[in-house]
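Asks: The following file, work26.csv, comprises CSV, C-alpha atoms:
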chain,number,residue,atom,x,y,z
A,1,MET,CA,0.0,0.0,0.0
A,2,VAL,CA,1.3,3.5,-0.9
A,3,SER,CA,2.0,5.7,2.0
A,4,THR,CA,-0.2,8.8,2.2
A,5,ARG,CA,2.9,10.9,3.0
A,6,GLU,CA,4.7,9.9,-0.2
A,7,GLY,CA,4.4,12.6,-2.9
A,8,PHE,CA,4.9,12.5,-6.6
A,9,ARG,CA,8.5,11.3,-7.2
A,10,PRO,CA,10.9,13.4,-9.4
A,11,TRP,CA,11.4,10.5,-11.8
A,12,GLU,CA,7.6,10.2,-12.2
A,13,ILE,CA,7.4,13.9,-12.9
A,14,PHE,CA,10.1,13.4,-15.6
A,15,LEU,CA,8.4,10.4,-17.2
A,16,PHE,CA,5.0,12.0,-17.3
A,17,SER,CA,6.4,15.3,-18.6
A,18,VAL,CA,8.3,13.5,-21.4
A,19,ALA,CA,5.2,11.5,-22.4
A,20,THR,CA,3.1,14.7,-22.4
A,21,LEU,CA,5.7,16.6,-24.5
A,22,ILE,CA,6.0,13.8,-27.0
A,23,THR,CA,2.2,13.6,-27.3
A,24,LEU,CA,2.0,17.3,-27.8
A,25,LEU,CA,4.7,17.3,-30.6
A,26,ILE,CA,2.9,14.4,-32.4
A,27,CYS,CA,-0.5,16.1,-32.2
A,28,VAL,CA,0.9,19.4,-33.4
A,29,GLY,CA,2.8,17.7,-36.3
A,30,VAL,CA,0.0,15.6,-37.6
A,31,GLY,CA,-2.5,17.2,-40.1
A,32,SER,CA,-3.0,17.9,-43.8
A,33,VAL,CA,0.8,18.4,-43.9
A,34,SER,CA,2.4,16.1,-41.4
A,35,LEU,CA,5.7,16.7,-39.7
A,36,SER,CA,7.9,14.5,-37.5
A,37,PRO,CA,8.1,15.3,-33.8
A,38,ILE,CA,11.7,16.4,-34.3
A,39,THR,CA,10.8,18.8,-37.0
A,40,THR,CA,7.9,20.1,-35.1
A,41,ALA,CA,10.1,20.7,-32.0
A,42,ALA,CA,12.6,22.5,-34.2
A,43,VAL,CA,9.9,24.9,-35.5
A,44,ILE,CA,8.7,25.7,-32.0
A,45,TRP,CA,12.2,26.1,-30.7
A,46,ASN,CA,13.3,28.3,-33.5
A,47,ALA,CA,10.2,30.5,-33.1
A,48,LEU,CA,10.9,31.0,-29.4
A,49,TRP,CA,14.4,32.1,-30.0
A,50,GLY,CA,13.9,33.9,-33.3
A,51,LEU,CA,16.0,31.5,-35.4
A,52,PRO,CA,15.5,30.7,-39.1
A,53,MET,CA,12.8,28.1,-39.8
A,54,PRO,CA,13.6,24.7,-41.3
A,55,GLU,CA,13.4,24.7,-45.1
A,56,GLY,CA,10.2,23.6,-46.7
A,57,VAL,CA,8.1,23.9,-43.5
A,58,SER,CA,5.0,26.0,-43.2
A,59,ALA,CA,5.7,27.5,-39.8
A,60,THR,CA,2.5,29.6,-39.9
A,61,ILE,CA,0.3,26.5,-39.8
A,62,ILE,CA,2.2,25.1,-36.9
A,63,LEU,CA,2.5,28.2,-34.8
A,64,ALA,CA,-0.8,30.0,-35.6
A,65,VAL,CA,-3.2,27.2,-36.0
A,66,ARG,CA,-2.1,23.8,-34.5
A,67,LEU,CA,0.0,24.8,-31.5
A,68,PRO,CA,-2.5,27.1,-29.8
A,69,ARG,CA,-5.2,24.5,-30.4
A,70,VAL,CA,-3.2,21.6,-29.0
A,71,LEU,CA,-2.1,23.7,-26.0
A,72,CYS,CA,-5.7,24.5,-25.2
A,73,VAL,CA,-6.7,20.9,-25.6
A,74,ALA,CA,-3.9,19.8,-23.2
A,75,LEU,CA,-4.8,22.4,-20.6
A,76,THR,CA,-8.5,21.6,-20.8
A,77,GLY,CA,-7.8,17.9,-20.4
A,78,ALA,CA,-5.5,18.5,-17.4
A,79,SER,CA,-8.1,20.7,-15.8
A,80,LEU,CA,-11.0,18.3,-16.3
A,81,ALA,CA,-9.0,15.3,-15.1
A,82,LEU,CA,-7.8,17.2,-12.0
A,83,CYS,CA,-11.4,18.1,-11.2
A,84,GLY,CA,-12.5,14.5,-11.6
A,85,GLY,CA,-9.8,13.2,-9.3
A,86,ALA,CA,-10.6,15.8,-6.6
A,87,MET,CA,-14.4,15.1,-6.8
A,88,GLN,CA,-13.9,11.4,-6.5
A,89,GLY,CA,-11.7,11.9,-3.5
A,90,LEU,CA,-14.0,14.4,-1.8
A,91,LEU,CA,-17.2,12.3,-2.3
A,92,ARG,CA,-15.5,8.9,-2.0
A,93,ASN,CA,-17.4,8.1,-5.2
A,94,SER,CA,-15.7,6.3,-8.1
A,95,LEU,CA,-18.2,7.7,-10.6
A,96,ALA,CA,-17.9,11.4,-9.5
A,97,ASP,CA,-17.1,13.7,-12.4
A,98,GLY,CA,-18.3,17.0,-13.8
A,99,SER,CA,-20.1,15.2,-16.6
A,100,THR,CA,-21.7,12.4,-14.6
A,101,LEU,CA,-22.7,14.7,-11.7
A,102,GLY,CA,-24.3,17.2,-14.1
A,103,VAL,CA,-21.9,20.1,-13.3
A,104,ALA,CA,-20.8,20.3,-16.9
A,105,SER,CA,-24.4,20.4,-18.0
A,106,GLY,CA,-25.1,23.3,-15.6
A,107,ALA,CA,-22.0,25.1,-16.8
A,108,SER,CA,-23.2,24.6,-20.4
A,109,LEU,CA,-26.6,26.1,-19.5
A,110,GLY,CA,-25.0,29.2,-18.1
A,111,ALA,CA,-22.8,29.5,-21.2
A,112,VAL,CA,-25.7,29.0,-23.6
A,113,ILE,CA,-27.7,31.7,-21.8
A,114,ALA,CA,-24.8,34.0,-22.2
A,115,ILE,CA,-24.4,33.2,-25.9
A,116,ALA,CA,-28.2,33.4,-26.6
A,117,PHE,CA,-28.7,36.7,-24.9
A,118,GLY,CA,-25.4,38.3,-25.8
A,119,ILE,CA,-24.0,38.6,-22.2
A,120,THR,CA,-20.5,39.9,-22.7
A,121,PHE,CA,-17.9,42.3,-21.1
A,122,PRO,CA,-16.1,44.9,-23.3
A,123,VAL,CA,-12.7,44.0,-22.0
A,124,MET,CA,-13.1,40.2,-22.1
A,125,PRO,CA,-14.9,38.7,-25.2
A,126,LEU,CA,-15.6,35.5,-23.4
A,127,GLY,CA,-16.1,37.1,-19.9
A,128,GLY,CA,-19.8,36.8,-19.9
A,129,THR,CA,-19.9,33.2,-21.1
A,130,MET,CA,-17.1,32.2,-18.7
A,131,LEU,CA,-18.7,33.8,-15.6
A,132,MET,CA,-22.1,32.4,-16.4
A,133,ALA,CA,-20.6,28.9,-16.9
A,134,MET,CA,-18.7,29.1,-13.6
A,135,LEU,CA,-21.8,30.4,-11.7
A,136,PHE,CA,-24.2,27.8,-13.1
A,137,GLY,CA,-21.7,25.0,-12.7
A,138,PHE,CA,-21.4,25.8,-9.0
A,139,LEU,CA,-25.1,26.2,-8.5
A,140,SER,CA,-25.7,22.9,-10.3
A,141,LEU,CA,-23.3,21.1,-7.9
A,142,VAL,CA,-25.0,22.6,-4.9
A,143,VAL,CA,-28.5,21.6,-6.2
A,144,ILE,CA,-27.4,18.0,-7.1
A,145,LEU,CA,-25.7,17.3,-3.8
A,146,SER,CA,-28.5,18.9,-1.8
A,147,LEU,CA,-31.2,16.8,-3.5
A,148,ALA,CA,-29.1,13.7,-3.2
A,149,TYR,CA,-28.6,14.3,0.5
A,150,ARG,CA,-32.3,14.8,1.1
A,151,LEU,CA,-33.1,11.5,-0.7
A,152,ASP,CA,-30.2,9.6,0.9
A,153,GLY,CA,-28.2,11.0,3.8
A,154,THR,CA,-25.3,8.6,3.0
A,155,LEU,CA,-24.8,10.2,-0.5
A,156,SER,CA,-24.5,6.8,-2.1
A,157,THR,CA,-23.2,6.4,-5.6
A,158,ASN,CA,-26.6,5.4,-7.1
A,159,THR,CA,-28.4,8.3,-5.6
A,160,ILE,CA,-25.9,10.9,-6.7
A,161,ILE,CA,-25.7,9.5,-10.2
A,162,LEU,CA,-29.5,9.3,-10.4
A,163,VAL,CA,-29.9,12.9,-9.4
A,164,GLY,CA,-27.1,14.0,-11.7
A,165,VAL,CA,-28.8,12.2,-14.7
A,166,ILE,CA,-32.2,13.8,-13.8
A,167,TRP,CA,-30.6,17.2,-13.5
A,168,SER,CA,-28.7,16.8,-16.8
A,169,MET,CA,-32.0,15.9,-18.5
A,170,PHE,CA,-33.7,18.9,-17.0
A,171,VAL,CA,-30.8,21.2,-18.1
A,172,SER,CA,-30.9,19.7,-21.6
A,173,SER,CA,-34.6,20.6,-21.9
A,174,LEU,CA,-33.9,24.2,-20.9
A,175,ILE,CA,-31.1,24.4,-23.4
A,176,SER,CA,-33.4,23.0,-26.1
A,177,LEU,CA,-36.0,25.6,-25.1
A,178,ILE,CA,-33.5,28.4,-25.4
A,179,VAL,CA,-32.3,27.2,-28.8
A,180,THR,CA,-35.9,27.1,-30.0
A,181,PHE,CA,-36.3,30.8,-29.4
A,182,ASN,CA,-32.9,31.7,-30.8
A,183,SER,CA,-33.0,30.0,-34.2
A,184,GLU,CA,-30.3,32.4,-35.6
A,185,LYS,CA,-27.8,30.9,-33.2
A,186,VAL,CA,-28.8,27.3,-33.4
A,187,ARG,CA,-25.7,26.1,-35.4
A,188,SER,CA,-23.2,27.8,-33.1
A,189,ILE,CA,-24.8,26.6,-29.9
A,190,THR,CA,-25.4,23.0,-31.2
A,191,PHE,CA,-21.8,22.6,-32.3
A,192,TRP,CA,-20.5,24.2,-29.1
A,193,THR,CA,-22.5,21.9,-26.9
A,194,MET,CA,-20.8,18.9,-28.6
A,195,GLY,CA,-17.4,20.2,-27.5
A,196,SER,CA,-14.7,21.6,-29.9
A,197,LEU,CA,-11.5,23.5,-29.5
A,198,GLN,CA,-11.2,24.3,-33.2
A,199,GLY,CA,-10.1,27.9,-33.7
A,200,SER,CA,-8.5,28.2,-30.3
A,201,ASN,CA,-5.9,31.0,-29.9
A,202,TYR,CA,-3.2,32.0,-27.5
A,203,ALA,CA,-5.6,34.2,-25.5
A,204,ASN,CA,-7.6,31.1,-24.8
A,205,THR,CA,-4.4,29.3,-23.9
A,206,LEU,CA,-3.5,32.0,-21.4
A,207,THR,CA,-6.9,32.0,-19.9
A,208,LEU,CA,-6.9,28.2,-19.3
A,209,LEU,CA,-3.3,28.4,-18.0
A,210,LEU,CA,-4.2,31.1,-15.4
A,211,ALA,CA,-7.4,29.2,-14.3
A,212,LEU,CA,-5.4,26.0,-13.9
A,213,THR,CA,-2.6,27.7,-12.0
A,214,VAL,CA,-5.0,29.4,-9.6
A,215,PHE,CA,-7.8,26.9,-9.0
A,216,GLY,CA,-5.8,23.8,-9.9
A,217,GLY,CA,-3.1,24.9,-7.5
A,218,VAL,CA,-5.6,25.1,-4.7
A,219,LEU,CA,-6.9,21.6,-5.5
A,220,LEU,CA,-3.4,20.2,-5.5
A,221,GLY,CA,-2.8,21.9,-2.2
A,222,ARG,CA,-5.8,20.0,-0.7
A,223,ALA,CA,-4.3,16.5,-1.5
A,224,ARG,CA,-3.6,15.8,2.2
A,225,GLU,CA,-7.1,16.6,3.2
A,226,LEU,CA,-8.5,14.5,0.4
A,227,ASN,CA,-6.5,11.6,1.7
A,228,ALA,CA,-8.2,12.1,5.1
A,229,PHE,CA,-11.6,12.1,3.4
A,230,ALA,CA,-10.8,8.6,1.9
A,231,ILE,CA,-11.7,6.9,5.2
A,232,GLY,CA,-14.7,9.2,6.0
A,233,GLU,CA,-15.6,12.7,7.1
A,234,ASP,CA,-15.4,11.7,10.8
A,235,ASN,CA,-11.8,10.5,10.2
A,236,ALA,CA,-11.0,13.8,8.5
A,237,ARG,CA,-12.4,15.8,11.5
A,238,SER,CA,-10.4,13.6,13.9
A,239,VAL,CA,-7.1,14.6,12.3
A,240,GLY,CA,-7.9,18.3,12.3
A,241,VAL,CA,-9.4,18.8,8.9
A,242,ASP,CA,-12.0,21.6,8.6
A,243,VAL,CA,-14.5,19.5,6.6
A,244,LYS,CA,-16.9,22.3,5.6
A,245,ARG,CA,-14.1,24.6,4.5
A,246,VAL,CA,-12.3,22.0,2.5
A,247,LYS,CA,-15.6,20.9,0.9
A,248,LEU,CA,-16.5,24.4,-0.1
A,249,THR,CA,-13.0,25.2,-1.4
A,250,VAL,CA,-12.9,22.1,-3.5
A,251,LEU,CA,-16.4,22.6,-4.9
A,252,VAL,CA,-15.8,26.2,-5.8
A,253,CYS,CA,-12.5,25.4,-7.5
A,254,VAL,CA,-13.9,22.5,-9.4
A,255,SER,CA,-16.9,24.6,-10.6
A,256,ALA,CA,-14.6,27.4,-11.6
A,257,LEU,CA,-12.3,25.2,-13.6
A,258,ILE,CA,-15.1,23.3,-15.3
A,259,GLY,CA,-16.8,26.7,-16.1
A,260,VAL,CA,-13.7,28.1,-17.8
A,261,CYS,CA,-13.2,24.9,-19.8
A,262,VAL,CA,-16.8,24.8,-20.9
A,263,ALA,CA,-16.8,28.5,-21.8
A,264,ILE,CA,-13.8,28.0,-24.1
A,265,GLY,CA,-14.2,24.4,-25.4
A,266,GLY,CA,-17.9,23.6,-24.9
A,267,SER,CA,-19.1,20.4,-23.2
A,268,ILE,CA,-16.4,17.8,-23.2
A,269,GLY,CA,-17.5,14.8,-21.1
A,270,PHE,CA,-15.9,11.9,-19.2
A,271,VAL,CA,-12.3,13.2,-19.1
A,272,GLY,CA,-12.5,13.5,-15.4
A,273,LEU,CA,-14.0,10.1,-15.1
A,274,VAL,CA,-11.7,8.1,-17.3
A,275,THR,CA,-8.3,9.7,-16.5
A,276,PRO,CA,-8.2,9.4,-12.7
A,277,HIS,CA,-9.1,5.7,-12.9
A,278,ALA,CA,-6.4,5.1,-15.5
A,279,VAL,CA,-3.6,6.9,-13.6
A,280,ARG,CA,-4.7,5.3,-10.3
A,281,LEU,CA,-3.6,2.0,-11.6
A,282,LEU,CA,-0.1,3.5,-12.2
A,283,VAL,CA,0.4,5.6,-9.1
A,284,GLY,CA,-2.1,4.4,-6.5
A,285,PRO,CA,-4.8,6.1,-4.6
A,286,ASN,CA,-2.7,8.6,-2.7
A,287,HIS,CA,-4.0,12.1,-3.8
A,288,ARG,CA,-0.5,13.6,-3.4
A,289,ARG,CA,0.5,11.5,-6.4
A,290,LEU,CA,-2.9,10.9,-8.0
A,291,LEU,CA,-3.8,14.6,-8.6
A,292,PRO,CA,-0.5,15.5,-10.3
A,293,ALA,CA,-0.6,12.3,-12.4
A,294,SER,CA,-4.2,13.2,-13.4
A,295,LEU,CA,-3.0,16.5,-14.7
A,296,PHE,CA,-0.5,14.9,-17.1
A,297,GLY,CA,-2.9,12.0,-17.9
A,298,GLY,CA,-5.8,14.3,-18.7
A,299,ALA,CA,-3.6,16.4,-21.0
A,300,ILE,CA,-2.4,13.2,-22.9
A,301,PHE,CA,-5.8,11.7,-23.1
A,302,LEU,CA,-7.6,14.7,-24.5
A,303,MET,CA,-4.7,15.5,-27.0
A,304,LEU,CA,-5.0,12.0,-28.4
A,305,ALA,CA,-8.8,12.3,-28.5
A,306,ASP,CA,-8.5,15.6,-30.3
A,307,LEU,CA,-6.1,14.0,-32.7
A,308,ALA,CA,-8.6,11.1,-33.4
A,309,ALA,CA,-11.3,13.7,-33.9
A,310,ARG,CA,-9.2,15.4,-36.6
A,311,VAL,CA,-7.9,12.4,-38.5
A,312,LEU,CA,-10.5,9.6,-38.2
A,313,LEU,CA,-12.9,11.0,-40.8
A,314,ASN,CA,-10.6,13.4,-42.6
A,315,PRO,CA,-11.4,15.9,-44.1
A,316,VAL,CA,-14.5,15.9,-41.8
A,317,GLU,CA,-13.6,16.8,-38.3
A,318,LEU,CA,-15.5,15.3,-35.4
A,319,PRO,CA,-16.4,17.3,-32.3
A,320,ILE,CA,-13.9,16.3,-29.6
A,321,GLY,CA,-16.8,15.8,-27.1
A,322,VAL,CA,-18.2,13.0,-29.4
A,323,VAL,CA,-14.9,11.1,-29.1
A,324,THR,CA,-14.6,11.4,-25.4
A,325,SER,CA,-18.2,10.5,-24.8
A,326,LEU,CA,-17.8,7.3,-26.9
A,327,ILE,CA,-14.8,6.3,-24.8
A,328,GLY,CA,-16.3,7.5,-21.6
A,329,ALA,CA,-19.6,5.7,-22.0
A,330,VAL,CA,-17.8,2.3,-22.2
A,331,ALA,CA,-15.5,3.3,-19.2
A,332,PHE,CA,-18.6,4.4,-17.2
A,333,MET,CA,-20.3,1.0,-17.6
A,334,VAL,CA,-17.1,-0.8,-16.6
A,335,ILE,CA,-16.5,1.3,-13.5
A,336,PHE,CA,-20.2,1.2,-12.6
A,337,THR,CA,-20.3,-2.6,-12.9
A,338,ARG,CA,-17.2,-3.0,-10.8
A,339,SER,CA,-18.5,-0.7,-8.1
A,340,ARG,CA,-21.8,-2.6,-7.9
A,341,LYS,CA,-19.8,-5.9,-7.5
A,342,LYS,CA,-17.8,-4.4,-4.7
A,343,ASP,CA,-20.9,-3.1,-2.9
A,344,ALA,CA,-22.4,-6.6,-3.3
A,345,HIS,CA,-19.4,-8.3,-1.7
A,346,ALA,CA,-19.1,-5.6,1.0
For this file, produce the structure as structure tokens.
Replies:
Amino acid sequence: MVSTREGFRPWEIFLFSVATLITLLICVGVGSVSLSPITTAAVIWNALWGLPMPEGVSATIILAVRLPRVLCVALTGASLALCGGAMQGLLRNSLADGSTLGVASGASLGAVIAIAFGITFPVMPLGGTMLMAMLFGFLSLVVILSLAYRLDGTLSTNTIILVGVIWSMFVSSLISLIVTFNSEKVRSITFWTMGSLQGSNYANTLTLLLALTVFGGVLLGRARELNAFAIGEDNARSVGVDVKRVKLTVLVCVSALIGVCVAIGGSIGFVGLVTPHAVRLLVGPNHRRLLPASLFGGAIFLMLADLAARVLLNPVELPIGVVTSLIGAVAFMVIFTRSRKKDAHA
């Protein structure tokens, strides 16, 4: 069993960083004109230091189109996976995730309202969409957990998932209603709700990086408390954890991160469900290792999903949310079946 005092080892950081960097270079290089990872790295390196570009290489496509998109994909994947790992630890629920709990649906509703009614800020083009997504994501989480607690004081897996599904259906109906009365924006809203980071720019990259640094940093700093939650809230209190404060902090940070991701990339489901389970097999359940590993794992997973979305039906591009949902649906059934078997044997 991995000690809860053991953090992410330096060699693990190195391996995960190398895997993430190689994945990024492959995803940036593959396209209508494909480049090797070495050539792609040379283009990016030369651009950073103002050196001449390799001959016969279209640096504009790499630097202006592919690189900002892949960076946004990586940051979005890292953020969603970190949120999923934190939520699973806080709720002691293997199926907890922004998409399965309905938080992403709530954030989508807030963003759709902002898009449909033109809620913006002069200084920040996506400011209205982002703030509405963050607000509705947090309110959705509060509503879902409150209803689940009233139905079942133990906050069991089945109850939370059931309430999350019902809430998602309700939100979907509201989104459909809004779309019905905003026919001129149907196409943009529909494509956005399927999730896509096509057309992302460096401003989006900076926004995601700042959000991940601020809110993700807070979540990473709560790894010890999340380890205490693993045995139960009473155990957490007994070791001096301020349970209410930690819960509120985690919920606010998760809602904010999901809101920013939804505002920029639309609804991209199941990243926070699949990635923490995958990396848990590699690094164990200790959140001091699980959360950093989820960051890297989420970035790698979503970059590969985005690559599949671009090349599978080339020249037609699939929304990235479609790819992650196909993978996530299978993973959800596997995890749900295993959790039911564990409950039956308990």
Asks: One number please: atom CA of A:Lys185 to atom CA of A:Ser200, in Å, one decimal.
Replies: 19.7 Å
Asks: Just how far from atom CA of A:Val33 is atom CA of A:Gly199, in Å to one decimal?
Replies: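 These two atoms are separated by 17.7 Å.
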Asks: Would you work out the distance separating atom CA of A:Gln198 from atom CA of A:Gly265, expressed in Å to one decimal?
Replies: 8.4 Å
Asks: Which residue, A:Leu101, A:Met130, A:Leu313, A:Leu90, has the smallest gap to A:Ala223 when you use all atoms listed in the file?
Replies: A:Leu90
Asks: In the coordinates of the file, take the point (0.5, 11.3, -10.7) and a cut-off of 12 Å; then, counting all atoms listed in the file, name each qualifying protein, DNA or RNA residue as a ChimeraX atom specification.
Replies: /A:6-17,78,81-82,85,220,223,275-298
Asks: Could you list as a list of chain:residue names every residue that has an atom within 12 Å of (-20.6, 7.1, -0.2), using the file's coordinates and counting only C-alpha atoms?
Replies: A:Gln88, A:Gly89, A:Leu90, A:Leu91, A:Arg92, A:Asn93, A:Ser94, A:Leu95, A:Ala96, A:Leu145, A:Ala148, A:Tyr149, A:Asp152, A:Gly153, A:Thr154, A:Leu155, A:Ser156, A:Thr157, A:Asn158, A:Thr159, A:Ile160, A:Ile161, A:Phe229, A:Ala230, A:Ile231, A:Gly232, A:Glu233, A:Ser339, A:Asp343
Asks: Counting all atoms listed in the file, which residue out of A:Gly56, A:Asp306, A:Asn46, A:Ala74 sits closest to A:Thr20?
Replies: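 With all atoms listed in the file as the atom set, the closest residue is A:Ala74.
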Asks: My list of candidates is A:Thr39, A:Thr205, A:Thr76, A:Thr180. Which is closest to A:Ile300 when distances are computed with only C-alpha atoms?
Replies: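 For A:Ile300, the nearest of the candidates is A:Thr76.
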Asks: Please list as a list in words every residue within 7 Å of A:Leu25, counting all atoms listed in the file and excluding residues in the same chain fewer than 4 positions away.
Replies: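 In the requested format, the answer is Leu21, Gly29, Pro37, Thr40 and Ala41 of chain A.
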Asks: When you look at A:Ser140 with a cut-off of 9 Å (counting only C-alpha atoms), what residues show up, excluding the ones that are within fewer than 6 positions of it in the same chain? I need them as an MDAnalysis selection string.
Replies: chainID A and resid 101:107 167 255
Asks: Of the residues A:Leu174, A:Ile144, A:Ile44, A:Leu206, which is the one nearest to A:Leu162, using only C-alpha atoms?
Replies: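 When distances to A:Leu162 are compared using only C-alpha atoms, the smallest one comes from A:Ile144.
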Asks: Closest to A:Leu109 among A:Pro68, A:Pro52, A:Gly259, A:Gly240, using all atoms listed in the file?
Replies: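 Using all atoms listed in the file, the shortest distance to A:Leu109 belongs to A:Gly259.
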Asks: Of the candidates A:Ser36, A:Glu225, A:Leu131, A:Ser196, which shows the shortest atom-to-atom distance to A:Asp242, using only C-alpha atoms?
Replies: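 The shortest atom-to-atom distance to A:Asp242 comes from A:Glu225.
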Asks: Do you know which residues are at most 12 Å from A:Val330 counting all atoms listed in the file, after dropping those on the same chain fewer than 6 positions away, and could you put them as an MDAnalysis selection string?
Replies: chainID A and resid 270 273:274 323:324 336:337
